[in-house]
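Notes to accompany the following structure.
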There are 2 protein chains.
Amino acid sequence: MPGIDKLPLEETLEDSPQTRSLLGVFEEDTAATSSYFSQLFKAMQRIYDAQNELSAATHLTSRLLKDYEKQRFPLGGDDEVMSSTLQQFAKVIDELSSCHAVLSTQLADAMMFPITQFQERDLREIVILKEVFQISSDDHDTAVNRYSRLSKRKENEKVKNEVMEDVYTSRKKQHETIMHYFASLNMLQYKKKIALLEPLLGYMQAQLSVSFCFWRINIISNIYRILHIALSRKTISR
Amino acid sequence: MPGIDKLPLEETLEDSPQTRSLLGVFEEDTAATSSYFSQLFKAMQRIYDAQNELSAATHLTSRLLKDYEKQRFPLGGDDEVMSSTLQQFAKVIDELSSCHAVLSTQLADAMMFPITQFQERDLREIVILKEVFQISSDDHDTAVNRYSRLSKRKENEKVKNEVMEDVYTSRKKQHETIMHYFASLNMLQYKKKIALLEPLLGYMQAQLSVSFCFWRINIISNIYRILHIALSRKTISR
C-alpha cells in the first residue's frame with residue numbers, strides 16, 4: 001500500500017470504520033516487523049555468542065601454551081627452545097584473543113544493544129499500548145451499554161448523572177489511549193528503519209576495528225620470527 | 001631428567017631392570033603428553049566449532065537481509081532506498097561470511113587435521129603397542145614357566161623340544177614387539193614437538209589468510225558507500 005505511512009491522530013475521536021481498517025493494516029505491519037526482527041535478533045545473537053566462544057577458546061589455547069613449561073614432563077623438560085617457541089606462540093595467540101574480546105565487546109554495544117532495545121522496548125511498548133487500548137475500549141463499551149439501557153427505564157437523576165459521567169470519562173480515556181497507540185504505531189515506521197540499520201552499522205564498524213586490531217599484531221612477521229627462532233636453534237629439524 | 005631422550009633398542013634383548021625403569025619414565029612422559037594434548041585438542045576444537053558457528057550465523061544474517069524485500073510488509077513495501085541499502089549490507093556481510101568459511105576450512109586442514117592425526121594415530125599407536133608388548137611378555141613368561149617346570153620332571157624328547165621351541169618363538173616375538181614399542185616411544189619424542197608446532201602454525205597461517213580476506217572486502221569504503229547511498233536519499237533522516 002504505497003503512500004500510506006501515518007495513522008491520523010485527528011480522527012481518533014471519531015473512531016470511524018475507515019480508521020479502524022487502517023489500524024488493522026498498521027497492526028499487521030507491526031506483526032510482520034516483529035517476526036522479521038525476531039529472526040534477525042536470533043541470527044545476531046548467534047554471531048555474538050559464537051564470537052564470545054571464539055574469544056574464550058582462543059584465550060584458553062593461549063593459556064595452555066603458556067602452561068607448557070609448568071607441565072611435569074619426565075623427558076625433554078630441559079628443552080628451552082621448545083618452551084620459548086611456545087611462549088612466542090602463546091603471546092601472539094593471546095593478542096589475537098584480545099582482538100576477539102574487543103570484537104565481542106563492540107558487538108555487544110553496537111549490534112546487540114540497539115536491536116535488543118528495539119525488541120524489548122519499542123516493540124514491547126506497542127504490545128502494551130494495544131492491551132491498554134483494548135481495556136479502555138471495553139470500559140467505554142460497558143459505559144455506553146449501561147447508558148443505553150438506562151434511557152429506556154425511569155431512573156433517578158443521581159444515577160443518570162453518574163452513568164453519563166462514566167461515559168464521558170471512559171470516552172476520554174479511550175481517546176487518550178488510542179492517540180498514544182496511534183502515535184507509537186506511526187513512530188514505529190521510522191524506528192524500525194533505524195533499528196535495522198543501527199546494528200548492521202555496529203556490526204560493520206566492529207569488524208573494521210578488529211581488522212585493524214588483527215593487522216596490528218602483524219601475523220606474518222610473527223610467524224617468520226617464531227619460525228626463525230625455532231629453525232635457527234634447530235628445534236624442529238633436530 | 002636432562003640428556004635422556006632415547007630408549008636403547010640394542011638392550012631390548014637383554015631386557016634388564018635398568019631398561020625397564022627407563023621404559024617407565026618414557027611411559028610416564030607419554031601419559032603426560034597424552035593428557036596435555038587432550039586439553040589442547042579440546043581448546044582447538046572449541047576454536048574450530050566457534051569459527052564454524054560464526055560462519056553459519058554470519059551467512060544466516062546475510063540471507064535474512066537479502067530476504068527483506070520478499071517480506072510481505074503491508075506498509076513501506078515501496079521503500080526502495082531501504083531495500084537497496086539492505087542489499088548492500090547483505091552483500092558485504094555475505095563476503096564476510098565467505099571469509100569466515102575460508103577460515104573454517106583452513107582451520108580444519110591446517111590445525112584440526114594434524115592434531116587429530118597425532119591424537120588418533122600416533123598416541124593411539126603407542127597404546128596398542130603397549131598392549132601387544134604386554135601380551136607377548138605374558139606369552140613369554142608362560143613359556144619360560146612351562147620350561148622351568150619341565151626340567152624338574154622326566155619328559156619325553158618330543159614335548160621337551162616343543163616347549164623349547166615355544167620359549168624361542170615367544171622370546172623372538174617379545175623382542176620384536178619391545179623393539180617396535182621402544183622405537184615408537186623414541187619417535188614420539190620428536191613427533192610431539194611437530195604435533196605441537198604444526199597446528200599452531202596452521203592456526204596462524206589461517207588467521208593471516210583471513211586477515212587478507214577481510215582486508216579485501218574493504219569494510220571502511222563499504223560503510224561509507226552504504227551510508228552515502230542511504231543519507232543522500234534521506235532514508236535515515238526522513
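In the C-alpha cells, each chain is lettered A, B, ... as it comes, each chain's residues begin at 1, and ligands are numbered from 1 in order of appearance.
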(request) For A:Ser209, please output as a ChimeraX atom specification all residues within 10 Å (counting only C-alpha atoms; exclusion window: fewer than 2 positions along the same chain). (result) /A:99,102-103,106,204-207,211-215 /B:219-220
Would you put the residues from that selection into a file with N, CA, C and O atoms, as a compact mmCIF listing (two decimals), in the first residue's frame?
```
# COMPACT_ATOMS: atom_id res chain seq x y z
N CYS A 99 41.98 -9.27 20.62
CA CYS A 99 41.22 -8.71 19.49
C CYS A 99 39.81 -9.30 19.47
O CYS A 99 38.84 -8.57 19.27
N VAL A 102 37.79 -7.71 22.15
CA VAL A 102 37.39 -6.35 21.75
C VAL A 102 36.18 -6.44 20.81
O VAL A 102 35.20 -5.72 20.97
N LEU A 103 36.27 -7.36 19.84
CA LEU A 103 35.18 -7.54 18.89
C LEU A 103 33.89 -7.93 19.62
O LEU A 103 32.81 -7.39 19.33
N GLN A 106 32.49 -4.87 21.31
CA GLN A 106 31.92 -3.94 20.34
C GLN A 106 30.59 -4.46 19.77
O GLN A 106 29.67 -3.69 19.55
N MET A 204 29.42 -3.79 11.25
CA MET A 204 30.47 -3.44 10.29
C MET A 204 31.61 -2.68 10.97
O MET A 204 32.78 -2.95 10.69
N GLN A 205 31.25 -1.74 11.83
CA GLN A 205 32.29 -0.96 12.49
C GLN A 205 33.12 -1.83 13.43
O GLN A 205 34.32 -1.64 13.56
N ALA A 206 32.47 -2.80 14.07
CA ALA A 206 33.20 -3.74 14.94
C ALA A 206 34.19 -4.55 14.10
O ALA A 206 35.35 -4.72 14.50
N GLN A 207 33.74 -5.01 12.92
CA GLN A 207 34.63 -5.77 12.04
C GLN A 207 35.82 -4.92 11.62
O GLN A 207 36.95 -5.40 11.55
N SER A 211 39.68 -5.54 12.37
CA SER A 211 40.61 -5.81 11.29
C SER A 211 41.89 -5.00 11.51
O SER A 211 42.99 -5.45 11.21
N PHE A 212 41.75 -3.81 12.09
CA PHE A 212 42.94 -3.05 12.49
C PHE A 212 43.69 -3.76 13.61
O PHE A 212 44.90 -3.81 13.62
N CYS A 213 42.90 -4.30 14.56
CA CYS A 213 43.49 -5.00 15.71
C CYS A 213 44.33 -6.18 15.22
O CYS A 213 45.48 -6.34 15.61
N PHE A 214 43.76 -6.99 14.33
CA PHE A 214 44.49 -8.15 13.80
C PHE A 214 45.71 -7.70 13.01
O PHE A 214 46.75 -8.34 13.04
N TRP A 215 45.54 -6.60 12.30
CA TRP A 215 46.63 -6.10 11.49
C TRP A 215 47.80 -5.68 12.37
O TRP A 215 48.96 -5.91 12.04
N ILE B 219 36.16 -2.92 4.36
CA ILE B 219 34.98 -2.57 5.14
C ILE B 219 34.73 -1.06 5.21
O ILE B 219 33.61 -0.60 5.07
N ILE B 220 35.82 -0.30 5.36
CA ILE B 220 35.64 1.16 5.52
C ILE B 220 34.89 1.74 4.33
O ILE B 220 33.86 2.39 4.49
```
(message) What's around A:Lys173 at 10 Å? Count only C-alpha atoms, leave out sequence neighbours fewer than 3 positions away in its own chain, and write the answer as a list in words.
(response)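 Near A:Lys173, the qualifying residues are Phe133, Ser136, Ser137, Asp139, His140, Val167, Tyr168, Thr169, Ser170, Glu176, Thr177, Ile178 and Met179 of chain A.
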(request) Report the distance between atom CA of B:Tyr68 and atom CA of A:Thr30 in Å, rounded to one decimal place. (result) 14.6 Å
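Minimum atom-to-atom distance to A:Leu65, evaluated using only C-alpha atoms, belongs to B:Leu197 out of B:Leu197, B:Leu23, B:Ala31, B:Ala101.
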(request) Rounded to one decimal place, report the atom CA of B:Arg171-atom CA of B:Leu7 distance in Å. (result)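 Answer for the atom CA of B:Arg171 to atom CA of B:Leu7 separation: 19.3 Å.
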(request) Determine the nearest neighbour of chain B from the options A:Gln18, A:Asn186, A:Gln174, A:Thr142, counting only C-alpha atoms. (result) A:Asn186
(request) Determine which residues of stretch 49-84 of chain B receive a DSSP assignment of helix (DSSP H, G or I), computed from the backbone, and state them as a list in words. (result)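 The helix (DSSP H, G or I) residues within stretch 49-84 of chain B come out as Asp49, Ala50, Gln51, Asn52, Glu53, Leu54, Ser55, Ala56, Ala57, Thr58, His59, Leu60, Thr61, Ser62, Arg63, Leu64, Leu65, Lys66, Asp67, Tyr68, Glu69, Lys70, Glu80, Val81, Met82, Ser83 and Ser84 of chain B.
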